[in-house]
Amino acid sequence: MPVKTFRPLTPSTRYITIADFSDITKTKPEKSLVEIRKKTGGRNMYGRVTARGIGGGHKQKIRLVDFKRNKHGVEATVAAIEYDPMRSARLALLEYKDGEKRYIIAPVGVTVGRIISSGPTAPPEVGNSLPLKAIPVSTAIHNLELQPGRGGQMVRSAGGSATLMSKDEGYAQIRLPSGEIRKINEECYATIGQVGNTEHENVILGKAGRTRHRGHRGITRGVARNPVDHPNGGGQGKSKGGGGWQQLVSPWGKVAKGGKTRAKYKASNRFIVVQRNGLPMKNK
């Protein structure tokens with residue numbers, strides 16, 4: 001999917017790039033597979049803002065995507081490739097032989113008319129969903145389960161793919177897109193191939209309005225505020241830390257840059273072989 005650029009006749013078209021949507025074959029979603037999304041504007045049941053930076057945006061409908069792929073042994077035909085406003089990847093609409101329809105994340109190479117299946121006996125071809133124990137080593141996979149039967153939770157964004165490194169003692173070692181190598185139960189399911197819409201990373205919003213169309217509401221920087229409004233506010237002229245030695249923090253004092261967010265001791269640490277930074281995992 002290439003992206004379109006424009007002549008810089010206006011400030012907004014100088015840097016803007018958009019997807020050409022040439023891979024989309026159906027413009028309206030399947031009515032039986034959508035739900036209405038109610039927007040909150042970042043407010044809780046009392047009307048108080050609990051999530052800043054949320055507001056406005058175009059109306060969207062939630063597509064009910066089949067992440068479990070639990071219809072084993074039944075072949076399906078790809079009926080359409082559709083756009084999903086709530087994710088970066090495209091969706092493939094499957095029509096099973098018994099008449100049921102489901103959405104899945106569309107991998108690279110899956111086109112209208114292709115036959116797709118799932119289950120332990122399915123062939124290891126692009127778009128098919130198999131348990132890790134049935135997938136050949138060095139295969140690119142996505143929509144990866146963390147617990148058997150729970151449904152795919154990892155590697156679901158546009159252009160993403162993980163690699164099956166090895167299998168031993170009931171576990172498979174997976175290299176994730178972040179570089180982390182993790183052990184996952186070989187009974188977990190994964191889908192063969194790389195997630196489609198690989199050119200998504202080249203899309204540039206180009207103007208503030210496109211950000212607002214997506215429901216993101218810009219907030220003022222802390223260093224541009226007064227000391228009474230933010231810990232980083234104040235100072236003589238432009239100052240990186242608000243005129244003092246304090247670190248960049250949120251309005252409530254939580255470190256904004258460089259602070260570690262992962263708990264030091266987690267039950268899942270024992271499944272991590274190599275961290276994202278390339279170092280072996282400690283504190284298992």
# chains A, B, ... in the order shown; residues from 1 in each chain; ligands from 1
$ select_by_dssp --residues "stretch 121-195 of chain A" --states "strand (DSSP E)" --output "PyMOL selection string"
chain A and resi 129-131+140-142+162-168+171-175+181-185+189-192
$ write_last_selection --atoms "C-alpha atoms" --output "PDB file, in the first residue's frame"
ATOM      1  CA  SER A 129      -3.769 -20.102  12.485  1.00  0.00           C
ATOM      2  CA  LEU A 130      -1.899 -22.997  14.123  1.00  0.00           C
ATOM      3  CA  PRO A 131      -0.528 -23.926  17.556  1.00  0.00           C
ATOM      4  CA  ALA A 140       7.157 -15.183  10.696  1.00  0.00           C
ATOM      5  CA  ILE A 141       4.009 -15.063  12.848  1.00  0.00           C
ATOM      6  CA  HIS A 142       1.554 -12.546  14.309  1.00  0.00           C
ATOM      7  CA  ALA A 162       7.506 -12.108  15.345  1.00  0.00           C
ATOM      8  CA  THR A 163       9.829 -15.023  14.624  1.00  0.00           C
ATOM      9  CA  LEU A 164       9.613 -18.544  16.015  1.00  0.00           C
ATOM     10  CA  MET A 165      13.189 -19.227  17.170  1.00  0.00           C
ATOM     11  CA  SER A 166      13.037 -22.706  18.709  1.00  0.00           C
ATOM     12  CA  LYS A 167      10.857 -25.250  20.540  1.00  0.00           C
ATOM     13  CA  ASP A 168      11.867 -27.196  23.642  1.00  0.00           C
ATOM     14  CA  TYR A 171       7.715 -24.011  25.220  1.00  0.00           C
ATOM     15  CA  ALA A 172       8.561 -22.050  22.098  1.00  0.00           C
ATOM     16  CA  GLN A 173      11.021 -19.166  22.068  1.00  0.00           C
ATOM     17  CA  ILE A 174       9.656 -16.179  20.154  1.00  0.00           C
ATOM     18  CA  ARG A 175      11.580 -13.103  19.036  1.00  0.00           C
ATOM     19  CA  ILE A 181      12.923 -13.123  23.246  1.00  0.00           C
ATOM     20  CA  ARG A 182      10.192 -14.773  25.252  1.00  0.00           C
ATOM     21  CA  LYS A 183       9.114 -18.343  26.070  1.00  0.00           C
ATOM     22  CA  ILE A 184       5.470 -19.115  25.256  1.00  0.00           C
ATOM     23  CA  ASN A 185       3.505 -22.324  25.745  1.00  0.00           C
ATOM     24  CA  TYR A 189      -1.991 -20.288  18.678  1.00  0.00           C
ATOM     25  CA  ALA A 190      -0.411 -17.848  16.249  1.00  0.00           C
ATOM     26  CA  THR A 191      -1.170 -16.781  12.687  1.00  0.00           C
ATOM     27  CA  ILE A 192       1.343 -17.325   9.900  1.00  0.00           C
TER      28      ILE A 192
END
$ residues_around --residues "stretch 56-61 of chain A" --least-positions-apart "5" --cutoff "10 Å" --atoms "only C-alpha atoms" --output "VMD selection string"
chain A and resid 29 33 to 41 84 to 86 209 to 217
$ write_last_selection --atoms "N, CA and C atoms" --output "CSV table (one decimal), in the first residue's frame"
chain,number,residue,atom,x,y,z
A,29,PRO,N,-18.6,-1.6,6.6
A,29,PRO,CA,-18.4,-2.8,7.3
A,29,PRO,C,-19.6,-3.8,7.3
A,33,LEU,N,-21.1,-7.5,12.4
A,33,LEU,CA,-19.8,-7.6,13.1
A,33,LEU,C,-19.3,-6.2,13.6
A,34,VAL,N,-20.2,-5.3,13.9
A,34,VAL,CA,-19.8,-4.0,14.4
A,34,VAL,C,-20.7,-3.7,15.6
A,35,GLU,N,-20.1,-2.8,16.5
A,35,GLU,CA,-20.8,-2.3,17.6
A,35,GLU,C,-20.5,-0.8,17.7
A,36,ILE,N,-21.5,-0.1,18.3
A,36,ILE,CA,-21.3,1.4,18.4
A,36,ILE,C,-20.3,1.7,19.5
A,37,ARG,N,-19.4,2.6,19.3
A,37,ARG,CA,-18.4,3.0,20.3
A,37,ARG,C,-18.9,4.3,20.9
A,38,LYS,N,-19.2,4.3,22.2
A,38,LYS,CA,-19.6,5.5,22.9
A,38,LYS,C,-18.3,6.2,23.5
A,39,LYS,N,-18.2,7.4,23.1
A,39,LYS,CA,-17.0,8.2,23.6
A,39,LYS,C,-17.3,8.9,24.9
A,40,THR,N,-16.2,9.0,25.7
A,40,THR,CA,-16.3,9.5,27.0
A,40,THR,C,-15.7,10.9,27.2
A,41,GLY,N,-14.9,11.3,26.2
A,41,GLY,CA,-14.1,12.5,26.3
A,41,GLY,C,-13.1,12.5,27.5
A,84,ASP,N,-10.2,-0.4,9.0
A,84,ASP,CA,-10.6,-0.3,10.4
A,84,ASP,C,-10.1,1.0,11.0
A,85,PRO,N,-11.0,1.9,11.3
A,85,PRO,CA,-10.6,3.2,11.8
A,85,PRO,C,-9.9,3.2,13.2
A,86,MET,N,-10.0,2.0,13.9
A,86,MET,CA,-9.5,2.0,15.2
A,86,MET,C,-8.2,1.2,15.4
A,209,GLY,N,-5.1,19.3,12.7
A,209,GLY,CA,-6.5,18.9,12.5
A,209,GLY,C,-6.7,17.4,12.4
A,210,ARG,N,-5.7,16.7,11.7
A,210,ARG,CA,-5.8,15.3,11.5
A,210,ARG,C,-5.7,14.6,12.8
A,211,THR,N,-4.9,15.1,13.7
A,211,THR,CA,-4.8,14.5,15.1
A,211,THR,C,-6.1,14.7,15.8
A,212,ARG,N,-6.8,15.8,15.7
A,212,ARG,CA,-8.1,16.0,16.3
A,212,ARG,C,-9.2,15.1,15.7
A,213,HIS,N,-9.1,14.8,14.4
A,213,HIS,CA,-10.0,13.9,13.8
A,213,HIS,C,-10.0,12.6,14.4
A,214,ARG,N,-8.8,12.2,14.9
A,214,ARG,CA,-8.6,10.9,15.5
A,214,ARG,C,-9.0,10.8,17.0
A,215,GLY,N,-9.4,11.9,17.5
A,215,GLY,CA,-9.9,11.9,18.9
A,215,GLY,C,-8.8,12.3,19.9
A,216,HIS,N,-7.7,12.8,19.4
A,216,HIS,CA,-6.6,13.2,20.3
A,216,HIS,C,-6.7,14.7,20.5
A,217,ARG,N,-6.8,15.1,21.8
A,217,ARG,CA,-6.9,16.6,22.1
A,217,ARG,C,-5.5,17.0,22.7
$ residues_around --residues "stretch 87-94 of chain A" --least-positions-apart "5" --cutoff "8 Å" --atoms "only C-alpha atoms" --output "list of chain:residue names"
A:Ala76, A:Thr77, A:Val78, A:Ala79, A:Ala80, A:Ile81, A:Glu82, A:Lys101, A:Arg102, A:Tyr103, A:Ile104, A:Ile105, A:Ala106, A:Arg156, A:Ser157, A:Ala158, A:Gly159, A:Val195, A:Gly196, A:Asn197, A:His200
$ write_last_selection --atoms "N, CA and C atoms" --output "short mmCIF file (atom, residue, chain, number, x, y, z; two decimals), in the first residue's frame"
data_model
loop_
_atom_site.label_atom_id
_atom_site.label_comp_id
_atom_site.auth_asym_id
_atom_site.auth_seq_id
_atom_site.Cartn_x
_atom_site.Cartn_y
_atom_site.Cartn_z
N ALA A 76 -12.43 -21.20 5.11
CA ALA A 76 -13.11 -19.93 4.89
C ALA A 76 -12.50 -19.25 3.67
N THR A 77 -13.30 -18.45 3.00
CA THR A 77 -12.85 -17.70 1.84
C THR A 77 -12.78 -16.23 2.20
N VAL A 78 -11.71 -15.56 1.80
CA VAL A 78 -11.58 -14.12 2.04
C VAL A 78 -12.54 -13.40 1.10
N ALA A 79 -13.55 -12.74 1.68
CA ALA A 79 -14.57 -12.07 0.88
C ALA A 79 -14.20 -10.62 0.60
N ALA A 80 -13.45 -9.97 1.49
CA ALA A 80 -13.13 -8.55 1.29
C ALA A 80 -11.98 -8.16 2.21
N ILE A 81 -11.28 -7.09 1.82
CA ILE A 81 -10.28 -6.44 2.66
C ILE A 81 -10.85 -5.07 3.04
N GLU A 82 -10.95 -4.82 4.34
CA GLU A 82 -11.63 -3.61 4.80
C GLU A 82 -10.72 -2.74 5.66
N LYS A 101 -19.66 -15.42 9.19
CA LYS A 101 -18.67 -14.42 8.77
C LYS A 101 -17.89 -13.94 9.99
N ARG A 102 -16.59 -13.74 9.81
CA ARG A 102 -15.73 -13.24 10.87
C ARG A 102 -14.66 -12.33 10.29
N TYR A 103 -14.21 -11.40 11.13
CA TYR A 103 -13.08 -10.54 10.77
C TYR A 103 -11.80 -11.12 11.35
N ILE A 104 -10.71 -11.02 10.59
CA ILE A 104 -9.38 -11.30 11.11
C ILE A 104 -8.45 -10.18 10.64
N ILE A 105 -7.30 -10.06 11.28
CA ILE A 105 -6.29 -9.10 10.83
C ILE A 105 -5.71 -9.61 9.51
N ALA A 106 -5.65 -8.74 8.52
CA ALA A 106 -5.21 -9.14 7.18
C ALA A 106 -3.69 -9.17 7.11
N ARG A 156 -0.01 -7.31 16.63
CA ARG A 156 -1.25 -7.13 15.88
C ARG A 156 -1.27 -5.81 15.10
N SER A 157 -0.23 -4.98 15.21
CA SER A 157 -0.23 -3.70 14.51
C SER A 157 0.37 -3.83 13.12
N ALA A 158 0.14 -2.82 12.29
CA ALA A 158 0.53 -2.86 10.88
C ALA A 158 2.03 -3.11 10.72
N GLY A 159 2.36 -4.05 9.84
CA GLY A 159 3.75 -4.34 9.53
C GLY A 159 4.48 -5.18 10.55
N VAL A 195 1.80 -8.91 9.50
CA VAL A 195 0.61 -8.08 9.44
C VAL A 195 0.72 -7.13 8.24
N GLY A 196 -0.39 -6.95 7.54
CA GLY A 196 -0.40 -6.14 6.33
C GLY A 196 -0.33 -4.65 6.61
N ASN A 197 -0.53 -3.85 5.56
CA ASN A 197 -0.46 -2.39 5.61
C ASN A 197 0.91 -1.94 6.11
N HIS A 200 2.22 1.78 6.66
CA HIS A 200 1.57 2.67 7.63
C HIS A 200 2.56 3.59 8.34
#
$ closest_residue --among "A:Gly193, A:Ala267, A:Asn202, A:Gln275" --to "A:Asp20" --atoms "only C-alpha atoms"
A:Asn202
$ atom_distance --atom1 "atom CA of A:Gly119" --atom2 "atom CA of A:Pro136"
14.7 Å
$ residues_around --residues "stretch 225-231 of chain A" --least-positions-apart "6" --cutoff "8 Å" --atoms "only C-alpha atoms" --output "tab-separated table (two decimals) with C-alpha atoms, in the first residue's frame"
chain	number	residue	atom	x	y	z
A	242	GLY	CA	11.12	24.81	34.92
A	249	VAL	CA	7.42	15.06	35.57
A	250	SER	CA	3.65	14.91	35.18
A	251	PRO	CA	1.41	17.39	37.07
A	253	GLY	CA	5.02	14.29	40.10
$ closest_residue --among "A:Thr111, A:Ser117, A:Ser32, A:Gln236" --to "A:Val74" --atoms "only C-alpha atoms"
A:Ser117
$ atom_distance --atom1 "atom CA of A:Thr198" --atom2 "atom CA of A:Thr139"
17.9 Å
$ closest_residue --among "A:Ser268, A:Tyr83, A:Gly234, A:Gly152" --to "A:Thr27" --atoms "only C-alpha atoms"
A:Tyr83
$ closest_residue --among "A:Ala208, A:Ile116, A:Ile219, A:Val255" --to "A:Ala51" --atoms "only C-alpha atoms"
A:Ile219
$ atom_distance --atom1 "atom CA of A:Glu75" --atom2 "atom CA of A:Gln194"
20.6 Å
$ residues_around --residues "A:Val3" --least-positions-apart "3" --cutoff "7 Å" --atoms "only C-alpha atoms" --output "list in words"
Thr17, Ile18, Ala19, Asp20 and Val203 of chain A
$ closest_residue --among "A:Val137, A:Leu9, A:Val274, A:Ile54" --to "A:Gly179" --atoms "only C-alpha atoms"
A:Val274
